[in-house]
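query01.cif (mmCIF, C-alpha atoms)
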data_my_file
loop_
_atom_site.group_PDB
_atom_site.id
_atom_site.type_symbol
_atom_site.label_atom_id
_atom_site.label_comp_id
_atom_site.auth_asym_id
_atom_site.auth_seq_id
_atom_site.Cartn_x
_atom_site.Cartn_y
_atom_site.Cartn_z
ATOM 1 C CA MET L 16 29.118 -16.402 7.948
ATOM 2 C CA LYS L 17 26.080 -16.590 10.191
ATOM 3 C CA LYS L 18 25.328 -12.950 9.432
ATOM 4 C CA ARG L 19 25.606 -13.592 5.718
ATOM 5 C CA LEU L 20 23.200 -16.533 5.956
ATOM 6 C CA GLY L 21 20.844 -14.364 7.980
ATOM 7 C CA ASN L 22 20.927 -11.702 5.335
ATOM 8 C CA THR L 23 20.272 -14.188 2.566
ATOM 9 C CA SER L 24 17.245 -15.701 4.272
ATOM 10 C CA ALA L 25 15.979 -12.196 5.047
ATOM 11 C CA LEU L 26 16.187 -11.389 1.342
ATOM 12 C CA ILE L 27 14.407 -14.613 0.366
ATOM 13 C CA PHE L 28 11.600 -13.982 2.848
ATOM 14 C CA ALA L 29 11.307 -10.356 1.721
ATOM 15 C CA LEU L 30 10.900 -11.586 -1.864
ATOM 16 C CA LEU L 31 8.387 -14.213 -0.731
ATOM 17 C CA SER L 32 6.419 -11.664 1.324
ATOM 18 C CA GLY L 33 6.238 -9.303 -1.641
ATOM 19 C CA LEU L 34 5.147 -12.153 -3.885
ATOM 20 C CA ILE L 35 2.386 -13.328 -1.534
ATOM 21 C CA PHE L 36 1.259 -9.725 -1.078
ATOM 22 C CA GLY L 37 1.028 -9.277 -4.849
ATOM 23 C CA LEU L 38 -0.792 -12.586 -5.377
ATOM 24 C CA GLY L 39 -3.255 -11.590 -2.636
ATOM 25 C CA LEU L 40 -3.910 -8.271 -4.373
ATOM 26 C CA ILE L 41 -4.535 -10.020 -7.708
ATOM 27 C CA LEU L 42 -6.794 -12.724 -6.207
ATOM 28 C CA ALA L 43 -8.768 -10.113 -4.290
ATOM 29 C CA GLY L 44 -9.288 -8.054 -7.448
ATOM 30 C CA MET L 45 -7.397 -5.141 -5.921
ATOM 31 C CA ALA L 46 -4.948 -4.952 -8.815
ATOM 32 C CA ASN L 47 -7.951 -3.822 -10.850
ATOM 33 C CA PRO L 48 -8.396 -0.063 -10.318
ATOM 34 C CA ALA L 49 -12.012 -0.239 -11.533
ATOM 35 C CA LYS L 50 -12.845 -2.582 -8.630
ATOM 36 C CA VAL L 51 -11.170 -0.267 -6.112
ATOM 37 C CA LEU L 52 -13.174 2.671 -7.470
ATOM 38 C CA ALA L 53 -16.352 0.566 -7.252
ATOM 39 C CA PHE L 54 -15.685 0.312 -3.500
ATOM 40 C CA LEU L 55 -15.110 4.051 -3.188
ATOM 41 C CA ASP L 56 -18.304 4.833 -5.116
ATOM 42 C CA LEU L 57 -20.777 4.694 -2.249
ATOM 43 C CA ALA L 58 -23.461 6.528 -4.219
ATOM 44 C CA GLY L 59 -23.263 4.255 -7.263
ATOM 45 C CA TRP L 60 -23.445 0.477 -7.543
ATOM 46 C CA TRP L 61 -21.349 -0.293 -4.497
ATOM 47 C CA ASP L 62 -18.880 -3.211 -4.482
ATOM 48 C CA PRO L 63 -17.934 -3.868 -0.816
ATOM 49 C CA SER L 64 -15.053 -6.241 -1.764
ATOM 50 C CA LEU L 65 -12.212 -3.924 -0.655
ATOM 51 C CA GLY L 66 -13.677 -3.839 2.834
ATOM 52 C CA LEU L 67 -13.481 -7.625 3.059
ATOM 53 C CA VAL L 68 -9.912 -7.590 1.710
ATOM 54 C CA MET L 69 -8.884 -5.281 4.539
ATOM 55 C CA GLY L 70 -10.924 -7.270 7.051
ATOM 56 C CA GLY L 71 -9.302 -10.553 5.990
ATOM 57 C CA ALA L 72 -5.815 -9.047 6.096
ATOM 58 C CA ILE L 73 -6.328 -7.335 9.461
ATOM 59 C CA ALA L 74 -7.835 -10.475 11.071
ATOM 60 C CA ILE L 75 -4.549 -12.283 10.422
ATOM 61 C CA GLY L 76 -2.368 -9.237 11.015
ATOM 62 C CA LEU L 77 -3.842 -8.688 14.492
ATOM 63 C CA VAL L 78 -2.457 -12.049 15.647
ATOM 64 C CA ALA L 79 0.953 -11.563 14.048
ATOM 65 C CA PHE L 80 1.457 -8.044 15.385
ATOM 66 C CA LYS L 81 0.326 -9.154 18.841
ATOM 67 C CA ILE L 82 3.150 -11.725 18.799
ATOM 68 C CA ALA L 83 5.573 -9.235 17.228
ATOM 69 C CA GLY L 84 4.823 -6.647 19.905
ATOM 70 C CA LYS L 85 6.065 -9.008 22.609
ATOM 71 C CA ARG L 86 9.386 -9.696 20.912
ATOM 72 C CA SER L 87 12.529 -7.606 20.652
ATOM 73 C CA SER L 88 13.879 -9.502 17.654
ATOM 74 C CA SER L 89 12.304 -11.373 14.767
ATOM 75 C CA PHE L 90 12.320 -15.164 14.346
ATOM 76 C CA LEU L 91 15.298 -14.687 12.006
ATOM 77 C CA GLY L 92 17.070 -12.771 14.774
ATOM 78 C CA LEU L 93 16.682 -9.420 13.069
ATOM 79 C CA PRO L 94 15.741 -6.269 15.013
ATOM 80 C CA MET L 95 11.989 -5.723 15.354
ATOM 81 C CA ASN L 96 11.293 -2.439 13.576
ATOM 82 C CA LEU L 97 7.895 -1.462 14.902
ATOM 83 C CA PRO L 98 6.924 2.215 14.591
ATOM 84 C CA THR L 99 7.047 3.989 17.940
ATOM 85 C CA SER L 100 5.545 7.390 17.127
ATOM 86 C CA ARG L 101 2.167 8.046 18.716
ATOM 87 C CA ILE L 102 1.909 11.709 17.781
ATOM 88 C CA ILE L 103 -1.098 12.611 15.689
ATOM 89 C CA ASP L 104 0.220 15.657 13.861
ATOM 90 C CA LYS L 105 -0.730 17.832 10.924
ATOM 91 C CA ARG L 106 1.454 15.835 8.567
ATOM 92 C CA LEU L 107 -0.313 12.566 9.306
ATOM 93 C CA VAL L 108 -3.802 13.966 8.843
ATOM 94 C CA ILE L 109 -3.078 16.169 5.817
ATOM 95 C CA GLY L 110 -0.991 13.414 4.229
ATOM 96 C CA GLY L 111 -3.859 10.955 4.682
ATOM 97 C CA LEU L 112 -6.497 13.361 3.368
ATOM 98 C CA VAL L 113 -4.475 14.259 0.254
ATOM 99 C CA PHE L 114 -3.541 10.622 -0.338
ATOM 100 C CA GLY L 115 -7.244 9.754 -0.468
ATOM 101 C CA ILE L 116 -7.788 12.350 -3.199
ATOM 102 C CA GLY L 117 -5.044 10.871 -5.395
ATOM 103 C CA TRP L 118 -6.283 7.341 -4.704
ATOM 104 C CA GLY L 119 -9.886 8.297 -5.452
ATOM 105 C CA LEU L 120 -8.946 9.967 -8.769
ATOM 106 C CA VAL L 121 -7.811 6.734 -10.438
ATOM 107 C CA GLY L 122 -8.178 3.870 -7.932
ATOM 108 C CA ILE L 123 -4.472 3.022 -7.694
ATOM 109 C CA CYS L 124 -2.363 3.029 -4.516
ATOM 110 C CA PRO L 125 1.339 2.174 -4.179
ATOM 111 C CA ALA L 126 1.311 -1.649 -3.879
ATOM 112 C CA PRO L 127 -1.041 -2.321 -6.810
ATOM 113 C CA ALA L 128 1.000 0.132 -8.913
ATOM 114 C CA PHE L 129 3.927 -2.328 -8.779
ATOM 115 C CA VAL L 130 1.641 -5.264 -9.590
ATOM 116 C CA LEU L 131 0.384 -3.308 -12.621
ATOM 117 C CA LEU L 132 4.005 -2.890 -13.741
ATOM 118 C CA GLY L 133 4.498 -6.675 -13.611
ATOM 119 C CA ALA L 134 1.231 -7.140 -15.480
ATOM 120 C CA GLY L 135 2.551 -4.883 -18.251
ATOM 121 C CA SER L 136 -0.207 -2.283 -17.937
ATOM 122 C CA ILE L 137 0.991 0.865 -19.734
ATOM 123 C CA LYS L 138 -1.412 3.080 -17.799
ATOM 124 C CA GLY L 139 -0.288 1.439 -14.566
ATOM 125 C CA ILE L 140 3.345 2.153 -15.450
ATOM 126 C CA VAL L 141 2.550 5.819 -16.192
ATOM 127 C CA PHE L 142 0.971 6.090 -12.728
ATOM 128 C CA LEU L 143 3.917 4.281 -11.112
ATOM 129 C CA VAL L 144 6.513 6.581 -12.694
ATOM 130 C CA ALA L 145 4.546 9.671 -11.601
ATOM 131 C CA MET L 146 4.205 8.180 -8.104
ATOM 132 C CA LEU L 147 7.975 7.609 -7.844
ATOM 133 C CA ILE L 148 8.578 11.196 -9.024
ATOM 134 C CA GLY L 149 6.123 12.329 -6.321
ATOM 135 C CA MET L 150 8.135 10.413 -3.726
ATOM 136 C CA GLY L 151 11.337 12.004 -5.074
ATOM 137 C CA LEU L 152 9.737 15.456 -4.805
ATOM 138 C CA PHE L 153 8.934 14.662 -1.175
ATOM 139 C CA GLU L 154 12.637 14.022 -0.503
ATOM 140 C CA LEU L 155 13.505 17.396 -2.067
ATOM 141 C CA PHE L 156 10.774 19.015 0.035
ATOM 142 C CA GLU L 157 12.280 17.441 3.156
ATOM 143 C CA ILE L 158 15.736 18.828 2.326
ATOM 144 C CA TYR L 159 14.236 22.267 1.649
ATOM 145 C CA CYS L 160 12.158 22.074 4.821
ATOM 146 C CA LYS L 161 15.164 21.266 7.010
ATOM 147 C CA SER L 162 16.665 24.669 6.289
ATOM 148 C CA HIS L 163 13.524 26.777 5.628
ATOM 149 C CA CYS L 164 10.632 25.474 7.703
ATOM 150 C CA ALA L 165 10.591 27.174 11.100
ATOM 151 C CA SER L 166 9.365 24.211 13.129
ATOM 152 C CA PRO L 167 8.698 21.175 10.955
ATOM 153 C CA LYS L 168 7.293 19.176 13.871
ATOM 154 C CA GLN L 169 4.434 21.545 14.556
ATOM 155 C CA MET U 14 -26.993 2.415 -1.007
ATOM 156 C CA MET U 15 -27.236 -0.204 -3.759
ATOM 157 C CA ILE U 16 -24.891 -3.163 -3.513
ATOM 158 C CA ASP U 17 -23.540 -4.404 -6.815
ATOM 159 C CA TRP U 18 -24.150 -8.114 -6.177
ATOM 160 C CA ASN U 19 -22.951 -9.081 -9.670
ATOM 161 C CA ASN U 20 -19.450 -7.722 -9.065
ATOM 162 C CA PHE U 21 -19.173 -8.237 -5.309
ATOM 163 C CA THR U 22 -16.663 -11.080 -4.791
ATOM 164 C CA PRO U 23 -16.708 -11.837 -1.040
ATOM 165 C CA TRP U 24 -14.728 -15.104 -1.115
ATOM 166 C CA THR U 25 -11.845 -14.038 -3.327
ATOM 167 C CA ALA U 26 -11.771 -10.722 -1.427
ATOM 168 C CA LEU U 27 -11.468 -12.538 1.908
ATOM 169 C CA THR U 28 -8.905 -15.101 0.711
ATOM 170 C CA GLY U 29 -6.909 -12.457 -1.154
ATOM 171 C CA GLY U 30 -7.038 -10.322 1.972
ATOM 172 C CA ALA U 31 -5.888 -13.294 4.047
ATOM 173 C CA LEU U 32 -2.879 -13.698 1.718
ATOM 174 C CA ILE U 33 -2.040 -10.025 2.246
ATOM 175 C CA GLY U 34 -2.362 -10.611 6.003
ATOM 176 C CA ILE U 35 -0.073 -13.670 5.788
ATOM 177 C CA SER U 36 2.459 -11.619 3.822
ATOM 178 C CA ALA U 37 2.425 -8.804 6.395
ATOM 179 C CA SER U 38 2.678 -11.399 9.208
ATOM 180 C CA LEU U 39 5.660 -13.197 7.661
ATOM 181 C CA PHE U 40 7.366 -9.887 7.049
ATOM 182 C CA ILE U 41 7.061 -8.604 10.613
ATOM 183 C CA LEU U 42 7.736 -11.950 12.317
ATOM 184 C CA LEU U 43 10.685 -13.004 10.120
ATOM 185 C CA ASN U 44 12.164 -9.768 8.802
ATOM 186 C CA GLY U 45 11.011 -7.527 11.637
ATOM 187 C CA ARG U 46 9.664 -5.040 9.116
ATOM 188 C CA ILE U 47 6.315 -3.437 8.331
ATOM 189 C CA ALA U 48 4.913 -4.404 4.925
ATOM 190 C CA GLY U 49 4.163 -0.801 4.046
ATOM 191 C CA ILE U 50 4.996 -0.174 0.411
ATOM 192 C CA THR U 51 5.441 3.575 0.842
ATOM 193 C CA GLY U 52 8.019 3.122 3.587
ATOM 194 C CA ILE U 53 9.767 0.300 1.737
ATOM 195 C CA ILE U 54 10.133 2.343 -1.468
ATOM 196 C CA GLY U 55 10.711 5.631 0.359
ATOM 197 C CA GLY U 56 13.770 4.136 2.042
ATOM 198 C CA LEU U 57 15.334 3.635 -1.383
ATOM 199 C CA PHE U 58 15.385 7.405 -1.901
ATOM 200 C CA ARG U 59 17.595 7.867 1.132
ATOM 201 C CA PRO U 60 21.384 7.744 0.839
ATOM 202 C CA VAL U 61 21.671 4.895 3.395
ATOM 203 C CA MET U 62 22.076 2.000 1.024
ATOM 204 C CA HIS U 63 22.979 -0.835 3.407
ATOM 205 C CA ASP U 64 19.343 -1.836 3.762
ATOM 206 C CA ALA U 65 18.403 -1.556 0.089
ATOM 207 C CA GLY U 66 18.494 -5.333 -0.439
ATOM 208 C CA TRP U 67 15.318 -6.357 1.355
ATOM 209 C CA ARG U 68 13.464 -3.324 0.007
ATOM 210 C CA ILE U 69 14.319 -4.286 -3.566
ATOM 211 C CA ALA U 70 13.519 -7.961 -2.837
ATOM 212 C CA PHE U 71 10.030 -7.171 -1.488
ATOM 213 C CA THR U 72 9.299 -4.889 -4.448
ATOM 214 C CA ALA U 73 10.582 -7.521 -6.882
ATOM 215 C CA GLY U 74 8.138 -9.986 -5.307
ATOM 216 C CA LEU U 75 5.255 -7.579 -5.901
ATOM 217 C CA ILE U 76 6.271 -7.051 -9.525
ATOM 218 C CA ALA U 77 6.765 -10.807 -10.045
ATOM 219 C CA ALA U 78 3.311 -11.700 -8.678
ATOM 220 C CA PRO U 79 1.369 -11.205 -11.946
ATOM 221 C CA ILE U 80 4.126 -13.002 -13.892
ATOM 222 C CA ILE U 81 3.950 -16.034 -11.556
ATOM 223 C CA TRP U 82 0.138 -15.885 -11.726
ATOM 224 C CA LEU U 83 0.335 -16.087 -15.539
ATOM 225 C CA LEU U 84 2.159 -19.429 -15.275
ATOM 226 C CA PHE U 85 -1.024 -20.954 -13.869
ATOM 227 C CA GLY U 86 -3.786 -19.051 -15.595
ATOM 228 C CA GLN U 87 -5.078 -15.793 -16.943
ATOM 229 C CA LEU U 88 -4.850 -12.589 -14.955
ATOM 230 C CA PRO U 89 -8.181 -11.192 -13.784
ATOM 231 C CA GLU U 90 -9.445 -8.184 -15.670
ATOM 232 C CA ILE U 91 -7.579 -4.878 -15.228
ATOM 233 C CA THR U 92 -9.574 -1.802 -16.167
ATOM 234 C CA ILE U 93 -8.162 1.717 -15.930
ATOM 235 C CA ASP U 94 -10.596 4.269 -17.303
ATOM 236 C CA ALA U 95 -8.562 7.332 -16.297
ATOM 237 C CA GLY U 96 -6.678 9.170 -19.039
ATOM 238 C CA TYR U 97 -2.908 9.714 -18.996
ATOM 239 C CA GLY U 98 -3.095 13.266 -17.675
ATOM 240 C CA LEU U 99 -5.180 12.221 -14.684
ATOM 241 C CA LEU U 100 -2.918 9.215 -14.040
ATOM 242 C CA VAL U 101 0.130 11.499 -13.869
ATOM 243 C CA ILE U 102 -1.598 13.962 -11.532
ATOM 244 C CA ALA U 103 -2.917 11.171 -9.295
ATOM 245 C CA GLY U 104 0.482 9.442 -9.268
ATOM 246 C CA LEU U 105 2.285 12.623 -8.192
ATOM 247 C CA ILE U 106 -0.298 13.239 -5.448
ATOM 248 C CA VAL U 107 -0.216 9.638 -4.200
ATOM 249 C CA GLY U 108 3.594 9.466 -4.173
ATOM 250 C CA PHE U 109 4.131 12.760 -2.357
ATOM 251 C CA SER U 110 1.280 12.486 0.136
ATOM 252 C CA ALA U 111 1.921 8.853 1.047
ATOM 253 C CA ARG U 112 5.446 9.837 2.107
ATOM 254 C CA TYR U 113 4.228 13.037 3.765
ATOM 255 C CA GLY U 114 1.632 11.110 5.797
ATOM 256 C CA SER U 115 4.096 8.272 6.548
ATOM 257 C CA GLY U 116 2.134 5.523 4.865
ATOM 258 C CA CYS U 117 -0.470 4.265 2.466
ATOM 259 C CA THR U 118 -3.153 1.595 2.240
ATOM 260 C CA SER U 119 -0.705 -1.192 3.131
ATOM 261 C CA GLY U 120 1.312 0.480 5.887
ATOM 262 C CA HIS U 121 -1.471 2.372 7.640
ATOM 263 C CA GLY U 122 -4.535 0.508 6.350
ATOM 264 C CA VAL U 123 -3.406 -3.097 6.838
ATOM 265 C CA CYS U 124 -0.346 -3.168 9.135
ATOM 266 C CA GLY U 125 -1.182 -0.087 11.200
ATOM 267 C CA ILE U 126 -4.756 -1.117 11.953
ATOM 268 C CA SER U 127 -3.485 -4.637 12.756
ATOM 269 C CA ARG U 128 -1.176 -3.009 15.303
ATOM 270 C CA LEU U 129 -4.157 -0.988 16.593
ATOM 271 C CA SER U 130 -2.026 2.123 16.055
ATOM 272 C CA PRO U 131 -4.078 5.284 16.677
ATOM 273 C CA ARG U 132 -1.976 7.126 14.063
ATOM 274 C CA SER U 133 -2.775 4.565 11.397
ATOM 275 C CA ILE U 134 -6.457 4.419 12.292
ATOM 276 C CA ILE U 135 -6.649 8.219 11.898
ATOM 277 C CA ALA U 136 -4.702 8.123 8.618
ATOM 278 C CA THR U 137 -6.919 5.341 7.236
ATOM 279 C CA LEU U 138 -10.096 7.212 8.179
ATOM 280 C CA ALA U 139 -8.620 10.313 6.521
ATOM 281 C CA PHE U 140 -7.775 8.688 3.184
ATOM 282 C CA MET U 141 -10.951 6.621 3.093
ATOM 283 C CA SER U 142 -13.111 9.704 3.600
ATOM 284 C CA THR U 143 -11.424 11.776 0.881
ATOM 285 C CA GLY U 144 -11.348 8.686 -1.353
ATOM 286 C CA PHE U 145 -15.122 8.355 -1.041
ATOM 287 C CA LEU U 146 -15.572 12.101 -1.515
ATOM 288 C CA THR U 147 -13.297 12.284 -4.570
ATOM 289 C CA VAL U 148 -15.113 9.450 -6.345
ATOM 290 C CA TYR U 149 -18.442 11.050 -5.441
ATOM 291 C CA ILE U 150 -17.392 14.384 -6.950
ATOM 292 C CA MET U 151 -15.774 12.807 -10.015
ATOM 293 C CA ARG U 152 -18.653 10.490 -10.845
ATOM 294 C CA HIS U 153 -21.757 12.178 -9.595
ATOM 295 C CA TRP U 154 -20.926 15.892 -9.930
ATOM 296 C CA LEU U 155 -18.496 15.992 -12.826
ATOM 297 C CA GLY U 156 -19.907 12.828 -14.363
ATOM 298 C CA SER U 157 -16.632 11.371 -15.626
#

Would you mind writing the structure in this file as structure tokens?
Amino acid sequence: MKKRLGNTSALIFALLSGLIFGLGLILAGMANPAKVLAFLDLAGWWDPSLGLVMGGAIAIGLVAFKIAGKRSSSFLGLPMNLPTSRIIDKRLVIGGLVFGIGWGLVGICPAPAFVLLGAGSIKGIVFLVAMLIGMGLFELFEIYCKSHCASPKQ
Amino acid sequence: MMIDWNNFTPWTALTGGALIGISASLFILLNGRIAGITGIIGGLFRPVMHDAGWRIAFTAGLIAAPIIWLLFGQLPEITIDAGYGLLVIAGLIVGFSARYGSGCTSGHGVCGISRLSPRSIIATLAFMSTGFLTVYIMRHWLGS
């Protein structure tokens, strides 16, 4: 029973977290791809807003993750799933570099893509579907890599 | 560098950013999870379905945000100039590479930097630099 209650509150807080995240994106103007591109366009008329969005989010996140780092379970009693990898490998760097190209092409990254779906943006939905297919292709690549890549960790 | 003072929105950017920070804080402190959209969605592609619930709930919250917003007022402007072909190409690239690099703007950019994770700082520098470069090439070389 206790476990079931725990699961239910975890679901409610997950929904709430997603909702607050989405509202933050909309308020900040980050659900508008044109505004994201205006940040990335250093040589044009530059809109620094995205930098302040990240600054505002990180200022609060720093405190929360400091507290989280000292705990082995969450305040709901769930396991604390903090990433442990510290290896800076080819995947991380290449993944980041290529991600920036896709992001810079249209100004949409994964979280705003879902907000665009809720907003009923047809172009946003086209991007989202392609993005989900891209994630599916990654899973196929992983399966292929397990049997064909000589040393996937290198 | 010329700052576009007419479109620069420092206060809504900061408060919107703070909301994103509050969301990421609630999620790690209550659910014990990183609010990284790529990881949250990526987990749904794996056959382990016992943890699908919270992933779907978080995503549903994101999708619901503009609908809830509409109850209180108009949504801010959404402008997507890119054509459908470019949107498909960019979507495929973003989806694949975010999973390949273990995170995107939310997971690496917000949560990872908040954790002072060297991996996330490197990843964020990587995607910011190619993001700047791509827009530079698209707008100032190719003129689209």

Please write the residues picked by the PyMOL selection byres ((chain U and resi 79) around 10) on this file as a compact mmCIF listing (two decimals) with C-alpha atoms, in the coordinates of the input.
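Heads up, here's the output in result_26.txt:
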# COMPACT_ATOMS: atom_id res chain seq x y z
CA LEU L 34 5.15 -12.15 -3.88
CA GLY L 37 1.03 -9.28 -4.85
CA LEU L 38 -0.79 -12.59 -5.38
CA LEU L 40 -3.91 -8.27 -4.37
CA ILE L 41 -4.54 -10.02 -7.71
CA ALA L 46 -4.95 -4.95 -8.82
CA PHE L 129 3.93 -2.33 -8.78
CA VAL L 130 1.64 -5.26 -9.59
CA LEU L 131 0.38 -3.31 -12.62
CA LEU L 132 4.00 -2.89 -13.74
CA GLY L 133 4.50 -6.68 -13.61
CA ALA L 134 1.23 -7.14 -15.48
CA GLY L 135 2.55 -4.88 -18.25
CA GLY U 74 8.14 -9.99 -5.31
CA LEU U 75 5.26 -7.58 -5.90
CA ILE U 76 6.27 -7.05 -9.52
CA ALA U 77 6.76 -10.81 -10.04
CA ALA U 78 3.31 -11.70 -8.68
CA ILE U 80 4.13 -13.00 -13.89
CA ILE U 81 3.95 -16.03 -11.56
CA TRP U 82 0.14 -15.88 -11.73
CA LEU U 83 0.34 -16.09 -15.54
CA LEU U 84 2.16 -19.43 -15.28
CA GLN U 87 -5.08 -15.79 -16.94
CA LEU U 88 -4.85 -12.59 -14.96
CA PRO U 89 -8.18 -11.19 -13.78

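Distance check against Cys124 (chain U) using only C-alpha atoms: of U:Ala37, U:Met14, U:Ile53, U:Leu42, the minimum falls on U:Ala37.
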
- Message: I want to know what sits within 7 Å of region 96-109 of chain U, based on only C-alpha atoms, with residues of the same chain fewer than 4 positions away left out; could you give that as a list in words?
- Response: Phe114, Gly117, Trp118, Leu120, Val121, Cys124, Lys138, Val141, Phe142, Leu143, Ala145, Met146, Leu147, Ile148, Gly149, Met150, Leu152 and Phe153 of chain L; Tyr113 of chain U

- From the list U:Ile35, U:Ile93, U:Ala70, U:Ile134, which residue is nearest Phe36 (chain L) when using only C-alpha atoms? U:Ile35

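The coordinates place CA of Ser127 (chain U) at 5.1 Å from CA of Ile73 (chain L).
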
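All protein and nucleic acid residues in the vicinity of (-21.4, -6.4, -5.6), that is within 10 Å when counting only C-alpha atoms, are L:Lys50, L:Ala53, L:Phe54, L:Trp60, L:Trp61, L:Asp62, L:Pro63, L:Ser64, U:Met15, U:Ile16, U:Asp17, U:Trp18, U:Asn19, U:Asn20, U:Phe21, U:Thr22, U:Pro23.
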
As a compact mmCIF listing (two decimals) with C-alpha atoms, in the frame of the given file, please: the residues near Leu42 (chain L) (cut-off 8 Å, only C-alpha atoms, same-chain neighbours under 6 positions excluded).
# COMPACT_ATOMS: atom_id res chain seq x y z
CA THR U 25 -11.84 -14.04 -3.33
CA ALA U 26 -11.77 -10.72 -1.43
CA THR U 28 -8.90 -15.10 0.71
CA GLY U 29 -6.91 -12.46 -1.15
CA PRO U 89 -8.18 -11.19 -13.78

- Task: Can you turn the PyMOL selection byres ((chain U and resi 128) around 12) into a concrete residue list for this file, as a ChimeraX atom specification?
- Result: /L:72-85,97-99 /U:37-38,41,47,120-127,129-134

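Using only C-alpha atoms, the shortest contact distance between chain L and any of U:Ile69, U:Phe145, U:Gly49, U:Asp64 is found at U:Phe145.
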
- Message: I'd like the contact shell of Ile54 (chain U) - 10 Å cut-off, all atoms listed in the file, skipping same-chain residues fewer than 3 positions apart - returned as a VMD selection string.
- Response: (chain L and resid 125 to 126 147 150) or (chain U and resid 49 to 51 57 to 59 65 68 to 69 71 to 72 112)

- Residues in the PyMOL selection byres ((chain L and resi 115) around 9), expressed as a count of residues only: 22

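Restricting the calculation to only C-alpha atoms, the smallest distance between Asp56 (chain L) and any of U:Ala111, U:Val148, U:Ile33, U:His153 is found for U:Val148.
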
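The shortest atom-to-atom distance to Ala31 (chain U), with only C-alpha atoms taken into account, belongs to L:Gly39 out of L:Gly92, L:Gly122, L:Gly39, L:Gly59.
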
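Put simply, CA of Gly30 (chain U) is 17.2 Å away from CA of Leu52 (chain L).
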